[in-house]
$ cat work02.cif   # mmCIF, C-alpha atoms and all ligand atoms
data_data
loop_
_atom_site.label_atom_id
_atom_site.label_comp_id
_atom_site.auth_asym_id
_atom_site.auth_seq_id
_atom_site.Cartn_x
_atom_site.Cartn_y
_atom_site.Cartn_z
CA GLU A 1 112.45 -83.42 361.82
CA PRO A 2 112.50 -81.42 365.04
CA GLY A 3 109.58 -79.14 365.62
CA THR A 4 106.77 -80.92 363.91
CA ASP A 5 106.04 -83.99 366.03
CA ASP A 6 104.16 -82.24 368.82
CA ASP A 7 101.88 -80.20 366.62
CA ASP A 8 98.47 -81.59 367.45
CA ALA A 9 99.09 -84.60 369.62
CA PRO A 10 96.26 -85.76 371.86
CA VAL A 11 96.87 -85.34 375.58
CA GLY A 12 95.54 -87.09 378.61
CA SER A 13 96.10 -86.12 382.18
CA ARG A 14 98.46 -87.55 384.67
CA PRO A 15 97.27 -90.70 386.42
CA THR A 16 97.99 -91.03 390.14
CA PRO A 17 100.08 -91.96 391.99
CA ILE A 18 103.10 -89.72 391.54
CA THR A 19 106.16 -91.78 390.70
CA ALA A 20 109.68 -91.54 392.18
CA THR A 21 111.19 -91.37 388.70
CA GLU A 22 110.27 -88.01 387.23
CA VAL A 23 108.38 -88.01 383.95
CA LYS A 24 108.96 -85.00 381.73
CA VAL A 25 107.96 -83.88 378.27
CA ASN A 26 109.84 -82.77 375.14
CA VAL A 27 108.76 -79.52 373.50
CA SER A 28 109.86 -78.43 370.03
CA ILE A 29 107.57 -75.47 369.35
CA PRO A 30 106.42 -72.83 371.87
CA GLU A 31 102.83 -73.22 370.59
CA ALA A 32 102.80 -76.71 372.15
CA ALA A 33 103.70 -75.41 375.63
CA GLU A 34 100.19 -75.21 377.07
CA ARG A 35 99.22 -78.65 375.85
CA ALA A 36 102.50 -80.09 377.13
CA ALA A 37 101.95 -78.49 380.55
CA THR A 38 98.49 -80.03 380.94
CA THR A 39 99.95 -83.55 380.74
CA GLY A 40 101.02 -83.04 384.35
CA ALA A 41 104.64 -83.74 383.40
CA ASP A 42 107.26 -82.89 386.02
CA GLY A 43 108.87 -80.42 383.64
CA VAL A 44 110.35 -80.11 380.18
CA GLY A 45 113.25 -82.52 379.70
CA LEU A 46 114.14 -81.10 376.30
CA LEU A 47 113.11 -77.76 374.84
CA ARG A 48 114.44 -77.65 371.29
CA ILE A 49 115.01 -74.20 369.80
CA GLU A 50 115.78 -75.33 366.23
CA HIS A 51 112.26 -74.63 365.00
CA LEU A 52 112.29 -71.23 366.67
CA VAL A 53 115.52 -70.28 364.90
CA LEU A 54 114.96 -71.94 361.51
CA SER A 55 111.51 -70.38 361.21
CA LEU A 56 113.16 -66.93 361.18
CA GLY A 57 114.10 -67.86 357.60
CA LYS A 58 117.73 -66.79 357.93
CA THR A 59 120.83 -68.33 359.45
CA PRO A 60 121.57 -66.86 362.90
CA GLU A 61 124.55 -64.95 361.50
CA ARG A 62 122.50 -63.46 358.65
CA TYR A 63 119.59 -62.64 360.95
CA ILE A 64 121.89 -60.86 363.38
CA ALA A 65 123.59 -58.97 360.53
CA ASP A 66 120.26 -57.86 359.01
CA GLU A 67 118.00 -57.36 362.02
CA GLY A 68 120.51 -56.84 364.82
CA SER A 69 121.49 -58.65 367.98
CA GLU A 70 118.61 -57.31 370.08
CA ALA A 71 116.04 -58.59 367.59
CA TYR A 72 117.58 -62.07 367.66
CA ILE A 73 117.77 -62.16 371.46
CA LYS A 74 114.15 -60.98 371.72
CA GLU A 75 112.93 -63.72 369.35
CA LEU A 76 114.67 -66.34 371.46
CA MET A 77 113.40 -64.85 374.72
CA SER A 78 109.84 -64.76 373.54
CA GLY A 79 109.78 -68.41 372.40
CA VAL A 80 111.54 -69.78 375.45
CA ARG A 81 109.55 -67.59 377.84
CA THR A 82 106.28 -69.07 376.55
CA VAL A 83 107.43 -72.51 377.68
CA ALA A 84 109.08 -71.39 380.94
CA GLU A 85 105.86 -69.55 381.81
CA ALA A 86 103.53 -72.46 381.01
CA PHE A 87 105.57 -74.78 383.25
CA TYR A 88 106.61 -72.42 386.02
CA PRO A 89 107.84 -73.45 388.61
CA ARG A 90 108.44 -76.84 387.03
CA PRO A 91 111.94 -77.00 385.43
CA VAL A 92 112.40 -76.38 381.72
CA ARG A 93 115.62 -77.68 380.18
CA VAL A 94 116.38 -75.55 377.16
CA ARG A 95 118.97 -76.85 374.72
CA THR A 96 121.29 -74.59 372.76
CA LEU A 97 121.00 -74.72 368.99
CA ASP A 98 121.59 -78.05 367.28
CA ALA A 99 120.65 -77.94 363.59
CA PRO A 100 122.80 -79.64 360.94
CA THR A 101 124.24 -77.50 358.15
CA ASP A 102 121.96 -79.03 355.50
CA GLU A 103 119.06 -77.36 357.31
CA PHE A 104 120.85 -74.02 357.61
CA ARG A 105 121.79 -74.17 353.94
CA GLN A 106 118.14 -73.86 352.91
CA LEU A 107 117.85 -70.49 354.67
CA GLU A 108 118.82 -67.00 353.63
CA GLY A 109 122.55 -66.83 354.41
CA GLY A 110 122.82 -70.57 353.88
CA GLU A 111 125.43 -70.08 351.19
CA ASP A 112 127.88 -69.23 353.99
CA GLU A 113 127.39 -72.66 355.59
CA PRO A 114 129.81 -75.49 354.87
CA ASP A 115 128.56 -78.01 352.30
CA GLU A 116 129.23 -81.24 354.15
CA HIS A 117 129.38 -84.79 352.93
CA ASN A 118 128.03 -86.01 356.27
CA PRO A 119 126.38 -83.23 358.28
CA MET A 120 125.46 -85.55 361.16
CA LEU A 121 129.17 -86.15 361.81
CA GLY A 122 130.05 -82.57 361.11
CA TYR A 123 129.50 -78.98 362.03
CA ARG A 124 126.54 -79.16 364.41
CA GLY A 125 125.55 -78.77 368.04
CA ILE A 126 128.22 -77.51 370.41
CA ARG A 127 130.83 -77.73 367.65
CA ARG A 128 129.17 -75.03 365.59
CA SER A 129 128.31 -73.03 368.73
CA LEU A 130 131.91 -72.93 369.93
CA ASP A 131 133.17 -72.07 366.46
CA ARG A 132 130.61 -69.28 365.97
CA PRO A 133 130.24 -67.90 369.48
CA GLU A 134 128.24 -64.81 368.52
CA GLY A 135 124.91 -66.56 367.94
CA PHE A 136 125.67 -68.96 370.79
CA GLU A 137 126.22 -66.14 373.27
CA HIS A 138 123.03 -64.46 372.08
CA GLU A 139 121.18 -67.65 373.04
CA LEU A 140 122.83 -67.59 376.46
CA GLU A 141 122.11 -63.88 376.81
CA ALA A 142 118.43 -64.59 376.15
CA PHE A 143 118.42 -67.25 378.89
CA LYS A 144 120.23 -64.89 381.27
CA ARG A 145 117.62 -62.18 380.76
CA LEU A 146 114.87 -64.72 381.38
CA TYR A 147 116.53 -65.65 384.69
CA GLU A 148 116.53 -61.95 385.53
CA GLN A 149 112.82 -61.78 384.72
CA GLY A 150 112.21 -64.48 387.32
CA TYR A 151 112.15 -67.63 385.21
CA GLU A 152 114.42 -69.40 387.63
CA ASN A 153 113.04 -72.71 386.40
CA LEU A 154 115.22 -72.60 383.26
CA GLU A 155 118.06 -75.08 382.95
CA ILE A 156 120.64 -74.99 380.16
CA MET A 157 121.71 -78.05 378.18
CA PHE A 158 124.46 -78.40 375.57
CA PRO A 159 124.15 -80.88 372.67
CA LEU A 160 126.67 -83.20 371.02
CA VAL A 161 129.60 -82.72 373.38
CA THR A 162 132.56 -85.04 372.89
CA ASP A 163 134.52 -84.59 376.09
CA GLY A 164 135.30 -82.44 379.11
CA SER A 165 136.96 -79.75 377.01
CA ASP A 166 133.72 -79.12 375.08
CA VAL A 167 131.88 -78.92 378.39
CA ALA A 168 134.41 -76.54 379.93
CA ALA A 169 134.32 -74.30 376.85
CA ALA A 170 130.51 -74.16 376.88
CA ARG A 171 130.51 -73.36 380.60
CA GLU A 172 132.94 -70.49 380.08
CA HIS A 173 130.57 -68.96 377.51
CA MET A 174 127.84 -69.03 380.16
CA ARG A 175 130.21 -67.20 382.47
CA SER A 176 131.14 -64.62 379.86
CA VAL A 177 127.52 -63.56 379.37
CA GLY A 178 127.10 -63.34 383.14
CA ILE A 179 125.41 -66.63 384.03
CA ASP A 180 127.00 -68.16 387.14
CA PRO A 181 127.30 -71.91 386.50
CA GLU A 182 127.48 -72.50 390.25
CA LYS A 183 124.08 -70.92 390.75
CA ARG A 184 122.17 -72.41 387.80
CA ASP A 185 121.36 -75.96 386.83
CA TRP A 186 123.06 -76.89 383.59
CA GLY A 187 124.20 -80.04 381.87
CA VAL A 188 124.88 -81.82 378.62
CA MET A 189 123.39 -84.36 376.26
CA ILE A 190 125.13 -87.72 376.12
CA GLU A 191 125.03 -88.47 372.41
CA THR A 192 128.58 -89.33 371.39
CA PRO A 193 130.11 -92.61 372.59
CA ALA A 194 133.15 -90.58 373.73
CA SER A 195 131.02 -88.48 376.08
CA ALA A 196 129.64 -91.63 377.73
CA MET A 197 133.03 -93.36 377.90
CA GLY A 198 134.59 -90.22 379.35
CA ILE A 199 131.71 -89.37 381.67
CA GLU A 200 134.05 -88.91 384.66
CA ASP A 201 135.79 -85.99 382.93
CA ILE A 202 132.43 -84.44 382.10
CA ILE A 203 131.24 -84.80 385.69
CA ASP A 204 134.48 -83.10 386.80
CA GLU A 205 133.49 -80.00 384.81
CA GLY A 206 130.59 -79.42 387.18
CA VAL A 207 127.47 -80.53 385.32
CA ASP A 208 124.29 -80.89 387.37
CA PHE A 209 122.73 -83.37 384.95
CA VAL A 210 123.22 -85.36 381.78
CA SER A 211 120.53 -86.46 379.34
CA PHE A 212 120.78 -89.33 376.88
CA GLY A 213 119.99 -88.34 373.32
CA THR A 214 119.38 -91.89 372.21
CA ASN A 215 118.57 -90.88 368.63
CA ASP A 216 122.16 -89.77 368.15
CA LEU A 217 123.78 -92.09 370.70
CA THR A 218 122.32 -95.10 368.88
CA GLN A 219 123.44 -93.89 365.46
CA TYR A 220 126.98 -93.33 366.71
CA VAL A 221 127.34 -96.47 368.86
CA LEU A 222 126.01 -98.71 366.08
CA ALA A 223 127.31 -96.59 363.17
CA VAL A 224 123.79 -96.60 361.70
CA ASP A 225 122.55 -93.38 360.11
CA ARG A 226 119.32 -92.45 361.93
CA ASN A 227 117.85 -91.09 358.68
CA ASN A 228 118.85 -93.86 356.27
CA GLU A 229 115.96 -96.15 355.35
CA HIS A 230 118.34 -98.78 353.98
CA VAL A 231 119.68 -99.55 357.44
CA SER A 232 116.66 -98.57 359.54
CA ASP A 233 116.14 -102.20 360.61
CA ARG A 234 119.57 -101.99 362.26
CA PHE A 235 118.71 -98.87 364.20
CA ASP A 236 118.04 -100.34 367.63
CA GLU A 237 118.07 -98.16 370.73
CA LEU A 238 117.68 -101.31 372.84
CA HIS A 239 120.84 -102.91 371.43
CA PRO A 240 122.84 -104.40 374.34
CA GLN A 241 125.83 -102.14 373.59
CA VAL A 242 123.64 -99.03 373.64
CA LEU A 243 122.06 -100.08 376.94
CA GLY A 244 125.48 -101.07 378.26
CA ILE A 245 127.01 -97.68 377.65
CA MET A 246 123.95 -95.97 379.14
CA GLY A 247 123.97 -98.21 382.22
CA ASP A 248 127.65 -97.50 382.92
CA THR A 249 127.02 -93.78 382.52
CA ILE A 250 124.13 -93.86 384.98
CA ASP A 251 126.27 -95.74 387.52
CA ALA A 252 129.03 -93.12 387.28
CA CYS A 253 126.54 -90.26 387.56
CA ARG A 254 124.76 -91.74 390.55
CA ALA A 255 128.08 -92.22 392.33
CA ALA A 256 128.77 -88.51 391.78
CA ASP A 257 125.24 -87.33 392.57
CA VAL A 258 124.65 -86.06 389.01
CA ASP A 259 121.08 -86.37 387.69
CA THR A 260 120.44 -88.54 384.65
CA SER A 261 117.70 -88.35 382.05
CA ILE A 262 116.71 -89.50 378.58
CA CYS A 263 115.12 -87.30 375.96
CA GLY A 264 115.47 -89.38 372.79
CA GLN A 265 112.61 -91.09 370.99
CA ALA A 266 113.31 -94.36 372.87
CA ALA A 267 112.18 -92.75 376.14
CA SER A 268 108.66 -93.97 375.44
CA HIS A 269 109.63 -97.58 374.74
CA PRO A 270 108.41 -99.79 377.64
CA LYS A 271 111.63 -101.84 377.61
CA MET A 272 113.73 -98.69 377.82
CA VAL A 273 111.57 -97.39 380.68
CA ASP A 274 111.95 -100.70 382.49
CA PHE A 275 115.74 -100.66 382.04
CA LEU A 276 116.18 -97.03 383.10
CA VAL A 277 113.92 -97.14 386.15
CA ARG A 278 115.75 -100.23 387.42
CA LYS A 279 119.07 -98.46 386.85
CA GLY A 280 117.82 -95.52 388.90
CA VAL A 281 117.54 -92.84 386.22
CA THR A 282 116.33 -89.50 387.63
CA SER A 283 113.88 -88.61 384.88
CA ILE A 284 112.43 -89.73 381.57
CA SER A 285 111.34 -87.17 379.00
CA ALA A 286 108.96 -88.23 376.25
CA ASN A 287 107.01 -86.61 373.43
CA ILE A 288 103.65 -85.12 374.40
CA ASP A 289 101.54 -87.94 373.04
CA ALA A 290 103.59 -90.55 374.94
CA VAL A 291 103.75 -88.91 378.37
CA VAL A 292 100.70 -90.63 379.88
CA ASP A 293 101.89 -94.06 378.73
CA VAL A 294 105.29 -93.38 380.27
CA PHE A 295 103.67 -92.39 383.59
CA GLU A 296 101.84 -95.69 383.60
CA GLU A 297 104.88 -97.73 382.64
CA VAL A 298 107.08 -96.04 385.26
CA ASP A 299 104.39 -96.67 387.86
CA ARG A 300 104.21 -100.35 386.88
CA VAL A 301 107.98 -100.84 387.06
CA GLU A 302 108.32 -98.99 390.36
CA SER A 303 105.45 -100.99 391.90
CA ARG A 304 107.12 -104.23 390.83
CA LEU A 305 110.41 -103.08 392.35
CA ILE A 306 108.70 -102.30 395.66
CA LEU A 307 106.99 -105.70 395.68
CA ASP A 308 110.27 -107.47 394.88
CA SER A 309 111.98 -105.68 397.73
CA VAL A 310 109.46 -106.79 400.37
CA ARG A 311 109.14 -110.36 399.14
C1 LIG B 1 118.63 -87.27 370.44
O1 LIG B 1 119.64 -87.26 369.69
O2 LIG B 1 118.16 -88.32 370.94
C2 LIG B 1 117.93 -86.01 370.73
C3 LIG B 1 116.96 -85.95 371.62
O3 LIG B 1 118.31 -84.90 370.00
P1 LIG B 1 117.81 -84.65 368.48
O4 LIG B 1 116.78 -85.69 368.16
O5 LIG B 1 117.28 -83.26 368.46
O6 LIG B 1 119.10 -84.83 367.74
MG MG B 2 120.54 -85.37 369.20
#
$ encode --input "work02.cif" --output "structure tokens" --more "lines below"
Ligand code: PEP
Ligand code: MG
Amino acid sequence: EPGTDDDDAPVGSRPTPITATEVKVNVSIPEAAERAATTGADGVGLLRIEHLVLSLGKTPERYIADEGSEAYIKELMSGVRTVAEAFYPRPVRVRTLDAPTDEFRQLEGGEDEPDEHNPMLGYRGIRRSLDRPEGFEHELEAFKRLYEQGYENLEIMFPLVTDGSDVAAAREHMRSVGIDPEKRDWGVMIETPASAMGIEDIIDEGVDFVSFGTNDLTQYVLAVDRNNEHVSDRFDELHPQVLGIMGDTIDACRAADVDTSICGQAASHPKMVDFLVRKGVTSISANIDAVVDVFEEVDRVESRLILDSVR
């Protein structure tokens, strides 16, 4: 469940030397910002806002109807600002809302949410955002105001895109609230197989970066529900077909000078780190309690690569 894993994780500090591959940290609650910043991470690779929104106790639409747009925007600004401030000037990649309808349905206003047979394949992420643009544009408005307050380190990331048309539509919403996509760093999560297979079309829409959400990418490539204990032994982020699709995506992005990252759970797996560093991934973003281990693993892999190249 997003928002609970970084509650009271132990932190170490960054070992030297600094690595070429950036190591970042995932943040799910603003209260974890300070602790996340002291890891020495190169930035936040994924700032989730689901906890921020769900903890308001109402669906975005109900909250806006009851409390007003300004109240909703201010809540978002305050949570995101805490993280942008703690990391400034290091980059903070904030993701637009990505909660499944079964989580919204438990809130006040939840009766207006669709009751879905399979929420993970349904009305979530960018799909819900594009279908209900009011709350989505309030999120973007909050980010725009933070830019205006000087938090230039914010980057915007869109979840669960399928293809270039999702990306273009999301980008146009940035434009309509007054964020210039040419002047800000923004990108998308690669979580659907289609988004990886059609990466060229997504690159053509002008993204500055992509980030692998391997929790979802694995469930969709292998058709294994990430939350189903009966098939959990089949949930393998290191499956050759998952790595294959990621490797091809990195190649295409590197050829186009688009940054690549990973922010799924598998980011802290040594074999994943080894694979990604060798492929030339730009950054790896792990949970707070795993950041120091990832620094060390990246350092080990990079050192080996340097040795191999001189031998
Ligand atoms: C992922 O899918 O890997 C990811 C980071 O997003 P979430 O876990 O929030 O779905
Ligand atoms: Mg995901």
$ closest_atom_pairs --input "work02.cif" --of "chain A" --to "ligand MG 2 (chain B)" --cutoff "10 Å" --atoms "all atoms listed in the file" --output "tab-separated table"
residue	atom	partner	partner_atom	distance
A:Pro2	CA	B:MG2	MG	9.9
A:Asp98	CA	B:MG2	MG	7.6
A:Ala99	CA	B:MG2	MG	9.3
A:Met120	CA	B:MG2	MG	9.4
A:Arg124	CA	B:MG2	MG	9.9
A:Gly125	CA	B:MG2	MG	8.4
A:Pro159	CA	B:MG2	MG	6.7
A:Leu160	CA	B:MG2	MG	6.8
A:Met189	CA	B:MG2	MG	7.7
A:Ile190	CA	B:MG2	MG	8.6
A:Glu191	CA	B:MG2	MG	6.3
A:Thr192	CA	B:MG2	MG	9.2
A:Phe212	CA	B:MG2	MG	8.6
A:Gly213	CA	B:MG2	MG	5.1
A:Thr214	CA	B:MG2	MG	7.3
A:Asn215	CA	B:MG2	MG	5.9
A:Asp216	CA	B:MG2	MG	4.8
A:Leu217	CA	B:MG2	MG	7.6
A:Thr218	CA	B:MG2	MG	9.9
A:Gln219	CA	B:MG2	MG	9.7
A:Cys263	CA	B:MG2	MG	8.9
A:Gly264	CA	B:MG2	MG	7.4
A:Gln265	CA	B:MG2	MG	9.9
$ closest_residue --input "work02.cif" --among "A:Arg226, A:Arg81, A:Arg62, A:Arg278" --to "ligand LIG 1 (chain B)" --atoms "all atoms listed in the file"
A:Arg226
$ atom_distance --input "work02.cif" --atom1 "atom O3 of ligand LIG 1 (chain B)" --atom2 "CA of Pro30 in chain A"
17.0 Å
$ residues_around --input "work02.cif" --residues "Gly178 in chain A" --least-positions-apart "5" --cutoff "12 Å" --atoms "all atoms listed in the file" --output "tab-separated table (two decimals) with C-alpha atoms, in the frame of the given file"
chain	number	residue	atom	x	y	z
A	137	GLU	CA	126.22	-66.14	373.27
A	138	HIS	CA	123.03	-64.46	372.08
A	140	LEU	CA	122.83	-67.59	376.46
A	141	GLU	CA	122.11	-63.88	376.81
A	142	ALA	CA	118.43	-64.59	376.15
A	143	PHE	CA	118.42	-67.25	378.89
A	144	LYS	CA	120.23	-64.89	381.27
A	145	ARG	CA	117.62	-62.18	380.76
A	147	TYR	CA	116.53	-65.65	384.69
A	148	GLU	CA	116.53	-61.95	385.53
A	171	ARG	CA	130.51	-73.36	380.60
A	172	GLU	CA	132.94	-70.49	380.08
A	173	HIS	CA	130.57	-68.96	377.51
A	183	LYS	CA	124.08	-70.92	390.75
A	184	ARG	CA	122.17	-72.41	387.80
$ closest_residue --input "work02.cif" --among "A:Asp180, A:Glu113, A:Glu50, A:Glu103" --to "ligand LIG 1 (chain B)" --atoms "all atoms listed in the file"
A:Glu50
$ closest_residue --input "work02.cif" --among "A:Arg304, A:His117, A:Arg175, A:Arg93" --to "ligand LIG 1 (chain B)" --atoms "all atoms listed in the file"
A:Arg93
$ axis_aligned_box --input "work02.cif" --around "ligand LIG 1 (chain B)" --padding-each-side "4 Å" --output "AutoDock Vina command-line options"
--center_x 118.2 --center_y -85.8 --center_z 369.7 --size_x 10.9 --size_y 13.1 --size_z 11.9
$ closest_residue --input "work02.cif" --among "A:Asn287, A:Arg132, A:Arg127, A:Glu182" --to "Asp163 in chain A" --atoms "only C-alpha atoms"
A:Arg127
$ closest_residue --input "work02.cif" --among "A:Ile126, A:Leu307, A:Leu46, A:Ala290" --to "Val210 in chain A" --atoms "only C-alpha atoms"
A:Leu46
$ atom_distance --input "work02.cif" --atom1 "CA of Ile288 in chain A" --atom2 "CA of Lys24 in chain A"
9.1 Å
$ closest_residue --input "work02.cif" --among "A:Ala169, A:Leu146, A:Val188, A:Val292" --to "ligand LIG 1 (chain B)" --atoms "all atoms listed in the file"
A:Val188
$ residues_around --input "work02.cif" --residues "Ile49 in chain A" --least-positions-apart "3" --cutoff "8 Å" --atoms "all atoms listed in the file" --output "PyMOL selection string"
chain A and resi 28-29+52-53+80+94-97
$ atom_distance --input "work02.cif" --atom1 "CA of Ala255 in chain A" --atom2 "CA of Glu200 in chain A"
10.3 Å
$ residues_around --input "work02.cif" --residues "Asp204 in chain A" --least-positions-apart "5" --cutoff "12 Å" --atoms "all atoms listed in the file" --output "PyMOL selection string"
chain A and resi 163-165+167-168+187+198-199+209+252-253+256-258
